[in-house]
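Engineer: My structure is stored as upload-v7.cif, with mmCIF, C-alpha atoms and all ligand atoms.
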```
data_target
#
loop_
_atom_site.group_PDB
_atom_site.id
_atom_site.type_symbol
_atom_site.label_atom_id
_atom_site.label_comp_id
_atom_site.auth_asym_id
_atom_site.auth_seq_id
_atom_site.Cartn_x
_atom_site.Cartn_y
_atom_site.Cartn_z
ATOM 1 C CA MET A 1 -48.518 -66.730 -22.602
ATOM 2 C CA ASN A 2 -45.843 -68.033 -25.029
ATOM 3 C CA ARG A 3 -47.128 -70.313 -27.730
ATOM 4 C CA ILE A 4 -44.918 -73.263 -28.781
ATOM 5 C CA PRO A 5 -44.590 -73.553 -32.565
ATOM 6 C CA ARG A 6 -46.175 -76.718 -33.962
ATOM 7 C CA ARG A 7 -42.796 -78.056 -35.216
ATOM 8 C CA THR A 8 -41.169 -77.668 -31.740
ATOM 9 C CA PHE A 9 -44.175 -79.269 -30.043
ATOM 10 C CA ILE A 10 -43.963 -82.345 -32.298
ATOM 11 C CA SER A 11 -40.199 -82.786 -31.867
ATOM 12 C CA GLN A 12 -40.274 -82.347 -28.039
ATOM 13 C CA GLY A 13 -43.266 -84.654 -27.759
ATOM 14 C CA GLY A 14 -41.408 -87.279 -29.771
ATOM 15 C CA ILE A 15 -38.372 -87.096 -27.461
ATOM 16 C CA ALA A 16 -40.599 -87.405 -24.367
ATOM 17 C CA ALA A 17 -42.437 -90.436 -25.806
ATOM 18 C CA ALA A 18 -39.173 -92.164 -26.777
ATOM 19 C CA TRP A 19 -37.715 -91.562 -23.269
ATOM 20 C CA MET A 20 -40.782 -93.134 -21.626
ATOM 21 C CA MET A 21 -40.422 -96.230 -23.822
ATOM 22 C CA LEU A 22 -36.750 -96.879 -22.914
ATOM 23 C CA PRO A 23 -36.028 -99.864 -20.617
ATOM 24 C CA LEU A 24 -36.026 -98.823 -16.957
ATOM 25 C CA ASN A 25 -32.434 -99.770 -16.230
ATOM 26 C CA PHE A 26 -31.203 -97.723 -19.185
ATOM 27 C CA LYS A 27 -32.818 -94.620 -17.758
ATOM 28 C CA LYS A 28 -31.313 -95.380 -14.372
ATOM 29 C CA VAL A 29 -27.730 -95.060 -15.616
ATOM 30 C CA LEU A 30 -26.294 -92.200 -13.613
ATOM 31 C CA ASN A 31 -23.301 -90.003 -14.006
ATOM 32 C CA TYR A 32 -20.520 -90.489 -11.458
ATOM 33 C CA ASN A 33 -21.633 -87.470 -9.436
ATOM 34 C CA GLU A 34 -25.271 -88.586 -9.440
ATOM 35 C CA MET A 35 -24.473 -92.071 -8.086
ATOM 36 C CA PRO A 36 -25.560 -92.410 -4.439
ATOM 37 C CA ASP A 37 -22.677 -91.697 -2.078
ATOM 38 C CA LYS A 38 -22.834 -95.217 -0.634
ATOM 39 C CA ASN A 39 -21.966 -96.594 -4.086
ATOM 40 C CA GLN A 40 -18.996 -94.312 -4.698
ATOM 41 C CA PHE A 41 -15.474 -95.247 -3.688
ATOM 42 C CA ASP A 42 -11.918 -94.154 -4.181
ATOM 43 C CA VAL A 43 -10.911 -97.691 -5.163
ATOM 44 C CA ILE A 44 -12.786 -100.868 -6.091
ATOM 45 C CA ILE A 45 -10.904 -104.151 -5.749
ATOM 46 C CA VAL A 46 -12.328 -107.107 -7.674
ATOM 47 C CA GLY A 47 -11.193 -110.264 -5.878
ATOM 48 C CA GLY A 48 -10.967 -110.503 -2.110
ATOM 49 C CA SER A 49 -8.618 -113.388 -1.434
ATOM 50 C CA TYR A 50 -5.041 -112.864 -0.279
ATOM 51 C CA ALA A 51 -4.002 -110.341 -2.954
ATOM 52 C CA GLY A 52 -7.253 -108.369 -2.804
ATOM 53 C CA LEU A 53 -7.255 -108.280 0.990
ATOM 54 C CA ALA A 54 -3.606 -107.213 1.096
ATOM 55 C CA ALA A 55 -4.384 -104.363 -1.306
ATOM 56 C CA GLY A 56 -7.485 -103.519 0.723
ATOM 57 C CA MET A 57 -5.521 -103.256 3.952
ATOM 58 C CA ALA A 58 -2.900 -100.938 2.427
ATOM 59 C CA LEU A 59 -5.562 -98.750 0.790
ATOM 60 C CA GLY A 60 -7.793 -98.689 3.863
ATOM 61 C CA ARG A 61 -4.888 -97.610 6.018
ATOM 62 C CA ALA A 62 -4.150 -94.863 3.484
ATOM 63 C CA MET A 63 -7.694 -93.516 4.125
ATOM 64 C CA LYS A 64 -8.948 -94.551 0.699
ATOM 65 C CA LYS A 65 -12.634 -95.440 0.685
ATOM 66 C CA THR A 66 -12.325 -98.959 -0.674
ATOM 67 C CA LEU A 67 -14.778 -101.637 -1.813
ATOM 68 C CA ILE A 68 -13.701 -105.273 -2.083
ATOM 69 C CA ILE A 69 -15.939 -107.418 -4.309
ATOM 70 C CA ASP A 70 -15.387 -111.155 -3.904
ATOM 71 C CA ASN A 71 -17.296 -114.298 -4.826
ATOM 72 C CA GLY A 72 -15.352 -116.677 -2.580
ATOM 73 C CA LYS A 73 -13.668 -119.051 -5.040
ATOM 74 C CA PRO A 74 -9.907 -118.818 -4.490
ATOM 75 C CA CYS A 75 -7.713 -121.146 -6.569
ATOM 76 C CA ASN A 76 -6.496 -123.095 -3.514
ATOM 77 C CA ARG A 77 -9.920 -123.738 -1.962
ATOM 78 C CA GLN A 78 -9.693 -127.503 -2.356
ATOM 79 C CA THR A 79 -6.330 -128.070 -0.738
ATOM 80 C CA PRO A 80 -6.488 -129.401 2.859
ATOM 81 C CA HIS A 81 -3.564 -127.388 4.245
ATOM 82 C CA SER A 82 -1.289 -124.564 3.173
ATOM 83 C CA HIS A 83 2.452 -124.783 3.665
ATOM 84 C CA ASN A 84 5.666 -122.851 3.216
ATOM 85 C CA PHE A 85 3.924 -119.657 4.317
ATOM 86 C CA LEU A 86 5.554 -118.505 7.529
ATOM 87 C CA THR A 87 3.200 -118.126 10.544
ATOM 88 C CA ASN A 88 0.450 -119.975 8.639
ATOM 89 C CA ASP A 89 2.066 -123.362 8.020
ATOM 90 C CA GLY A 90 -0.510 -126.153 8.166
ATOM 91 C CA LYS A 91 -3.580 -123.908 8.268
ATOM 92 C CA THR A 92 -6.432 -124.353 5.829
ATOM 93 C CA PRO A 93 -6.669 -121.742 3.050
ATOM 94 C CA ALA A 94 -10.058 -120.721 4.462
ATOM 95 C CA GLU A 95 -8.594 -120.105 7.943
ATOM 96 C CA ILE A 96 -5.883 -117.856 6.530
ATOM 97 C CA ALA A 97 -8.379 -115.922 4.416
ATOM 98 C CA ALA A 98 -10.831 -115.565 7.317
ATOM 99 C CA LEU A 99 -8.167 -114.103 9.595
ATOM 100 C CA ALA A 100 -7.011 -111.748 6.832
ATOM 101 C CA LYS A 101 -10.590 -110.621 6.197
ATOM 102 C CA HIS A 102 -11.174 -110.099 9.918
ATOM 103 C CA GLN A 103 -8.100 -107.880 10.129
ATOM 104 C CA VAL A 104 -9.003 -105.859 7.020
ATOM 105 C CA SER A 105 -12.599 -105.414 8.198
ATOM 106 C CA GLN A 106 -11.315 -103.554 11.281
ATOM 107 C CA TYR A 107 -10.726 -100.558 8.993
ATOM 108 C CA ASP A 108 -13.902 -98.546 8.557
ATOM 109 C CA THR A 109 -12.525 -97.254 5.266
ATOM 110 C CA VAL A 110 -12.967 -100.718 3.721
ATOM 111 C CA GLN A 111 -16.303 -102.258 2.742
ATOM 112 C CA PHE A 112 -17.104 -105.687 1.332
ATOM 113 C CA PHE A 113 -19.553 -106.948 -1.260
ATOM 114 C CA ASN A 114 -20.061 -110.718 -1.383
ATOM 115 C CA GLY A 115 -20.824 -111.510 -5.008
ATOM 116 C CA THR A 116 -19.524 -111.432 -8.543
ATOM 117 C CA ALA A 117 -18.390 -108.447 -10.560
ATOM 118 C CA THR A 118 -20.151 -109.164 -13.825
ATOM 119 C CA GLY A 119 -19.177 -106.173 -15.949
ATOM 120 C CA GLY A 120 -17.975 -102.652 -16.018
ATOM 121 C CA ASN A 121 -16.741 -99.768 -18.045
ATOM 122 C CA GLN A 122 -14.569 -96.719 -17.888
ATOM 123 C CA THR A 123 -16.264 -93.421 -17.121
ATOM 124 C CA THR A 124 -14.996 -89.877 -17.355
ATOM 125 C CA ASN A 125 -14.196 -89.971 -13.628
ATOM 126 C CA GLY A 126 -12.928 -93.505 -13.261
ATOM 127 C CA PHE A 127 -14.637 -96.872 -13.484
ATOM 128 C CA ARG A 128 -18.109 -98.300 -13.045
ATOM 129 C CA VAL A 129 -18.504 -101.925 -11.949
ATOM 130 C CA GLN A 130 -21.720 -103.920 -12.037
ATOM 131 C CA VAL A 131 -22.331 -106.861 -9.702
ATOM 132 C CA GLY A 132 -24.549 -109.924 -10.040
ATOM 133 C CA THR A 133 -27.502 -108.237 -8.340
ATOM 134 C CA GLY A 134 -27.431 -105.497 -10.965
ATOM 135 C CA GLU A 135 -26.176 -102.894 -8.499
ATOM 136 C CA MET A 136 -23.514 -100.475 -9.761
ATOM 137 C CA PHE A 137 -20.475 -99.137 -7.954
ATOM 138 C CA GLU A 138 -18.076 -96.486 -9.083
ATOM 139 C CA ALA A 139 -14.526 -95.593 -8.164
ATOM 140 C CA LYS A 140 -11.699 -93.456 -9.324
ATOM 141 C CA GLN A 141 -9.417 -96.474 -9.477
ATOM 142 C CA LEU A 142 -9.910 -100.163 -10.075
ATOM 143 C CA VAL A 143 -7.733 -103.075 -8.926
ATOM 144 C CA PHE A 144 -8.067 -106.571 -10.344
ATOM 145 C CA ALA A 145 -7.005 -109.220 -7.825
ATOM 146 C CA THR A 146 -8.920 -112.052 -9.452
ATOM 147 C CA GLY A 147 -6.072 -114.567 -9.332
ATOM 148 C CA ILE A 148 -5.655 -117.267 -11.951
ATOM 149 C CA LYS A 149 -7.792 -120.178 -13.053
ATOM 150 C CA ASP A 150 -6.047 -123.513 -13.375
ATOM 151 C CA LEU A 151 -7.035 -125.258 -16.593
ATOM 152 C CA HIS A 152 -6.852 -128.998 -15.997
ATOM 153 C CA PRO A 153 -6.040 -131.532 -18.695
ATOM 154 C CA PRO A 154 -9.048 -133.699 -19.543
ATOM 155 C CA ILE A 155 -8.149 -136.611 -17.245
ATOM 156 C CA GLU A 156 -10.964 -138.236 -15.348
ATOM 157 C CA GLY A 157 -10.701 -137.686 -11.596
ATOM 158 C CA LEU A 158 -7.935 -135.103 -11.800
ATOM 159 C CA ALA A 159 -10.121 -132.161 -10.781
ATOM 160 C CA GLU A 160 -11.312 -133.993 -7.645
ATOM 161 C CA CYS A 161 -7.709 -134.724 -6.631
ATOM 162 C CA TRP A 162 -6.429 -131.199 -7.362
ATOM 163 C CA GLY A 163 -4.541 -129.822 -4.371
ATOM 164 C CA ILE A 164 -4.992 -133.087 -2.469
ATOM 165 C CA SER A 165 -3.027 -135.846 -4.199
ATOM 166 C CA VAL A 166 -2.437 -134.026 -7.477
ATOM 167 C CA ILE A 167 -0.226 -131.182 -6.398
ATOM 168 C CA HIS A 168 0.838 -128.181 -8.403
ATOM 169 C CA CYS A 169 3.897 -127.238 -6.351
ATOM 170 C CA PRO A 170 6.535 -129.460 -4.694
ATOM 171 C CA TYR A 171 7.485 -126.640 -2.320
ATOM 172 C CA CYS A 172 3.926 -126.179 -1.007
ATOM 173 C CA HIS A 173 2.892 -129.823 -0.733
ATOM 174 C CA GLY A 174 5.807 -132.090 -1.688
ATOM 175 C CA TYR A 175 6.991 -132.702 1.862
ATOM 176 C CA GLU A 176 3.617 -134.188 2.809
ATOM 177 C CA VAL A 177 3.973 -136.885 0.115
ATOM 178 C CA ARG A 178 7.716 -137.489 0.463
ATOM 179 C CA ASN A 179 8.770 -141.038 -0.402
ATOM 180 C CA GLU A 180 5.369 -141.832 -1.863
ATOM 181 C CA LYS A 181 5.250 -143.045 -5.444
ATOM 182 C CA THR A 182 5.075 -139.958 -7.593
ATOM 183 C CA GLY A 183 4.554 -139.235 -11.246
ATOM 184 C CA VAL A 184 5.132 -135.973 -13.009
ATOM 185 C CA LEU A 185 2.595 -134.764 -15.518
ATOM 186 C CA GLY A 186 4.276 -132.232 -17.732
ATOM 187 C CA ASN A 187 6.397 -131.821 -20.784
ATOM 188 C CA GLY A 188 9.298 -129.857 -22.205
ATOM 189 C CA ASP A 189 11.780 -128.014 -20.051
ATOM 190 C CA THR A 190 9.193 -127.158 -17.405
ATOM 191 C CA GLY A 191 8.285 -130.790 -16.895
ATOM 192 C CA PHE A 192 11.964 -131.716 -16.738
ATOM 193 C CA ASP A 193 12.634 -129.027 -14.120
ATOM 194 C CA PHE A 194 9.724 -130.259 -12.025
ATOM 195 C CA THR A 195 11.157 -133.768 -12.101
ATOM 196 C CA LYS A 196 14.440 -132.411 -10.768
ATOM 197 C CA ALA A 197 12.630 -130.613 -7.939
ATOM 198 C CA ASP A 198 10.611 -133.705 -7.100
ATOM 199 C CA PHE A 199 13.647 -136.015 -7.168
ATOM 200 C CA LYS A 200 14.526 -135.171 -3.583
ATOM 201 C CA LEU A 201 11.033 -136.186 -2.500
ATOM 202 C CA ASP A 202 10.906 -139.462 -4.414
ATOM 203 C CA LYS A 203 14.305 -140.926 -5.295
ATOM 204 C CA ARG A 204 12.742 -143.022 -8.056
ATOM 205 C CA LEU A 205 12.232 -139.837 -10.070
ATOM 206 C CA ASN A 206 15.857 -139.626 -11.208
ATOM 207 C CA PRO A 207 15.774 -137.008 -13.933
ATOM 208 C CA LEU A 208 19.210 -137.963 -15.239
ATOM 209 C CA HIS A 209 18.076 -141.438 -16.152
ATOM 210 C CA GLN A 210 14.371 -141.080 -16.598
ATOM 211 C CA ARG A 211 13.751 -138.109 -18.825
ATOM 212 C CA SER A 212 11.194 -140.224 -20.641
ATOM 213 C CA PHE A 213 9.302 -140.408 -17.361
ATOM 214 C CA ILE A 214 7.881 -136.989 -18.091
ATOM 215 C CA THR A 215 4.254 -137.052 -19.264
ATOM 216 C CA TYR A 216 3.935 -140.247 -17.243
ATOM 217 C CA GLY A 217 0.649 -139.394 -15.581
ATOM 218 C CA ILE A 218 -0.745 -139.559 -12.114
ATOM 219 C CA ALA A 219 0.594 -142.228 -9.843
ATOM 220 C CA LYS A 220 -2.132 -142.497 -7.328
ATOM 221 C CA ARG A 221 -5.616 -141.353 -6.841
ATOM 222 C CA LYS A 222 -6.928 -140.305 -3.495
ATOM 223 C CA THR A 223 -9.946 -138.133 -2.979
ATOM 224 C CA ALA A 224 -10.741 -136.307 0.189
ATOM 225 C CA THR A 225 -12.805 -133.342 1.170
ATOM 226 C CA ALA A 226 -10.638 -130.466 2.194
ATOM 227 C CA PRO A 227 -11.658 -128.842 5.479
ATOM 228 C CA GLY A 228 -13.137 -125.455 4.728
ATOM 229 C CA SER A 229 -13.411 -126.215 1.038
ATOM 230 C CA ASN A 230 -16.437 -124.991 -0.865
ATOM 231 C CA TYR A 231 -16.725 -128.267 -2.750
HETATM 232 C C1 LIG B 301 -4.260 -126.253 -5.146
HETATM 233 C C2 LIG B 301 -3.393 -125.110 -4.692
HETATM 234 C C3 LIG B 301 -2.690 -125.203 -3.506
HETATM 235 C C4 LIG B 301 -1.864 -124.162 -3.079
HETATM 236 N N1 LIG B 301 -1.144 -124.299 -1.924
HETATM 237 C C5 LIG B 301 -0.316 -123.301 -1.530
HETATM 238 C C6 LIG B 301 0.472 -123.447 -0.339
HETATM 239 O O1 LIG B 301 0.405 -124.463 0.366
HETATM 240 N N2 LIG B 301 1.308 -122.424 0.004
HETATM 241 C C7 LIG B 301 1.412 -121.285 -0.747
HETATM 242 O O2 LIG B 301 2.187 -120.394 -0.385
HETATM 243 N N3 LIG B 301 0.664 -121.112 -1.886
HETATM 244 C C8 LIG B 301 -0.171 -122.100 -2.280
HETATM 245 N N4 LIG B 301 -0.913 -121.957 -3.450
HETATM 246 C C9 LIG B 301 -0.828 -120.691 -4.177
HETATM 247 C C10 LIG B 301 -1.806 -119.664 -3.547
HETATM 248 O O3 LIG B 301 -3.051 -120.283 -3.314
HETATM 249 C C11 LIG B 301 -1.972 -118.475 -4.506
HETATM 250 O O4 LIG B 301 -0.703 -117.885 -4.698
HETATM 251 C C12 LIG B 301 -2.937 -117.447 -3.920
HETATM 252 O O5 LIG B 301 -4.199 -118.017 -3.657
HETATM 253 C C13 LIG B 301 -3.086 -116.289 -4.914
HETATM 254 O O6 LIG B 301 -3.920 -115.329 -4.308
HETATM 255 P P1 LIG B 301 -4.799 -114.362 -5.163
HETATM 256 O O7 LIG B 301 -5.535 -113.474 -4.196
HETATM 257 O O8 LIG B 301 -3.977 -113.729 -6.226
HETATM 258 O O9 LIG B 301 -5.829 -115.293 -5.974
HETATM 259 P P2 LIG B 301 -6.955 -116.267 -5.389
HETATM 260 O O10 LIG B 301 -6.579 -116.761 -4.042
HETATM 261 O O11 LIG B 301 -7.221 -117.286 -6.434
HETATM 262 O O12 LIG B 301 -8.222 -115.322 -5.235
HETATM 263 C C14 LIG B 301 -8.893 -114.705 -6.301
HETATM 264 C C15 LIG B 301 -10.218 -114.226 -5.741
HETATM 265 O O13 LIG B 301 -10.903 -113.437 -6.711
HETATM 266 C C16 LIG B 301 -12.263 -113.813 -6.700
HETATM 267 N N5 LIG B 301 -12.839 -113.441 -8.009
HETATM 268 C C17 LIG B 301 -12.397 -113.792 -9.242
HETATM 269 N N6 LIG B 301 -13.183 -113.238 -10.189
HETATM 270 C C18 LIG B 301 -14.137 -112.523 -9.527
HETATM 271 C C19 LIG B 301 -15.241 -111.723 -9.956
HETATM 272 N N7 LIG B 301 -15.504 -111.518 -11.245
HETATM 273 N N8 LIG B 301 -16.028 -111.155 -9.015
HETATM 274 C C20 LIG B 301 -15.763 -111.328 -7.689
HETATM 275 N N9 LIG B 301 -14.724 -112.073 -7.229
HETATM 276 C C21 LIG B 301 -13.926 -112.655 -8.144
HETATM 277 C C22 LIG B 301 -12.249 -115.317 -6.429
HETATM 278 O O14 LIG B 301 -13.486 -115.772 -5.928
HETATM 279 C C23 LIG B 301 -11.147 -115.404 -5.365
HETATM 280 O O15 LIG B 301 -11.658 -115.246 -4.068
HETATM 281 C C24 LIG B 301 -1.744 -122.984 -3.870
HETATM 282 C C25 LIG B 301 -2.463 -122.883 -5.075
HETATM 283 C C26 LIG B 301 -3.275 -123.942 -5.491
HETATM 284 C C27 LIG B 301 -4.032 -123.840 -6.792
#
```
Have the structure of the file written as structure tokens, please.
Ligand SMILES: Cc1cc2nc3c(=O)[nH]c(=O)nc-3n(C[C@H](O)[C@H](O)[C@H](O)COP(=O)(O)OP(=O)(O)OC[C@H]3O[C@@H](n4cnc5c(N)ncnc54)[C@H](O)[C@@H]3O)c2cc1C
Structural biologist:
Amino acid sequence: MNRIPRRTFISQGGIAAAWMMLPLNFKKVLNYNEMPDKNQFDVIIVGGSYAGLAAGMALGRAMKKTLIIDNGKPCNRQTPHSHNFLTNDGKTPAEIAALAKHQVSQYDTVQFFNGTATGGNQTTNGFRVQVGTGEMFEAKQLVFATGIKDLHPPIEGLAECWGISVIHCPYCHGYEVRNEKTGVLGNGDTGFDFTKADFKLDKRLNPLHQRSFITYGIAKRKTATAPGSNY
């Protein structure tokens, strides 16, 4: 029988003791190849609204094993109806997203995780993404389709009116408020350009004579609950 030298015994014992004292989740970190198959994908998409679902459909059809992680807070969730989007004019944002998700979910190459991607890192084989439950997923490629977050000016009531009577785009929602009293909140060249676009909707917004009208504020306040909104 081989005898272990005293020095080796002490050093190996120390390593074993230190390993046992490490936090459980640290020890559970796996290499890409050791991750359970169900948690490994070709592509992970963070964000499953229109952009994420469109990417998911293209990837799923290309036989890429794809995971879409989404926490259900698209930027337009508060607006009552979407417009200027052919074949979907007048539908709620939630209706459009639900139909898109239904169509993408027909592809068995695409899976969904309802929740938030809370962190991640690059690995030697690709990327590892952690979700709110603590579960980890890995993929060779990672797509961010997380959209944008609108930062509102600190005006009381503005957030509640966002997408309803405070509109971000005259082409999406201007027609619905045509001829109603309108103010433009903006400044510089962008604000001036918006006034020009809005002039056709409210003739009182004559940009040639009322440049000082910019930064005017919000003309009217109307709150409503958008159908299908998460609010
Ligand atoms: C008020 C308003 C009204 C609009 N109206 C119209 C209109 O009438 N017509 C039109 O053509 N366009 C309209 N738009 C523009 C349109 O909504 C956007 O172009 C579109 O939503 C962009 O899609 P997206 O997938 O890039 O981002 P989003 O739709 O914002 O989706 C991003 C997704 O990523 C998810 N996400 C973000 N971070 C994480 C994370 N860490 N983990 C998991 N999920 C995450 C979010 O929950 C969300 O579901 C409107 C926009 C706004 C703000």
Engineer: Please extract the residues at most 7 Å from ligand LIG 301 (chain B), counting all atoms listed in the file, and provide them as a count of residues only, using the chain letters and residue numbers of this document.
Structural biologist: 38
Engineer: What is the CA of Val104 (chain A) to CA of Ala58 (chain A) distance in Å?
Structural biologist: 9.1 Å
Engineer: Do you have the CA of Lys200 (chain A)-CA of Leu185 (chain A) distance handy?
Structural biologist: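 So the two atoms, CA of Lys200 (chain A) and CA of Leu185 (chain A), lie 16.9 Å apart.
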Engineer: Please indicate the distance in Å from CA of Glu180 (chain A) to CA of Asp202 (chain A), rounded to one decimal place.
Structural biologist: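 So the two atoms, CA of Glu180 (chain A) and CA of Asp202 (chain A), lie 6.5 Å apart.
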Engineer: In terms of the shortest atom-to-atom distance over only C-alpha atoms, which of A:Gln111, A:Gln141, A:Thr182, A:Gln106 is closest to Thr123 (chain A)?
Structural biologist: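 Among the listed residues, A:Gln141 lies closest to Thr123 (chain A).
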Engineer: With distances taken over all atoms listed in the file, which of A:Thr92, A:Phe144, A:Glu135, A:Thr87 is nearest to Ile45 (chain A)?
Structural biologist: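 Ranked by minimum distance to Ile45 (chain A), first place goes to A:Phe144.
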Engineer: Written as a PyMOL selection string, what is the full residue list that the PyMOL selection byres (((chain A and resi 198) around 12) and not hetatm) yields on the file shown?
Structural biologist: chain A and resi 167-175+177-185+191-197+199-207+214
Engineer: Determine the nearest neighbour of Val129 (chain A) from the options A:Ile96, A:Ser105, A:Gln40, A:Glu34, counting all atoms listed in the file.
Structural biologist: A:Gln40
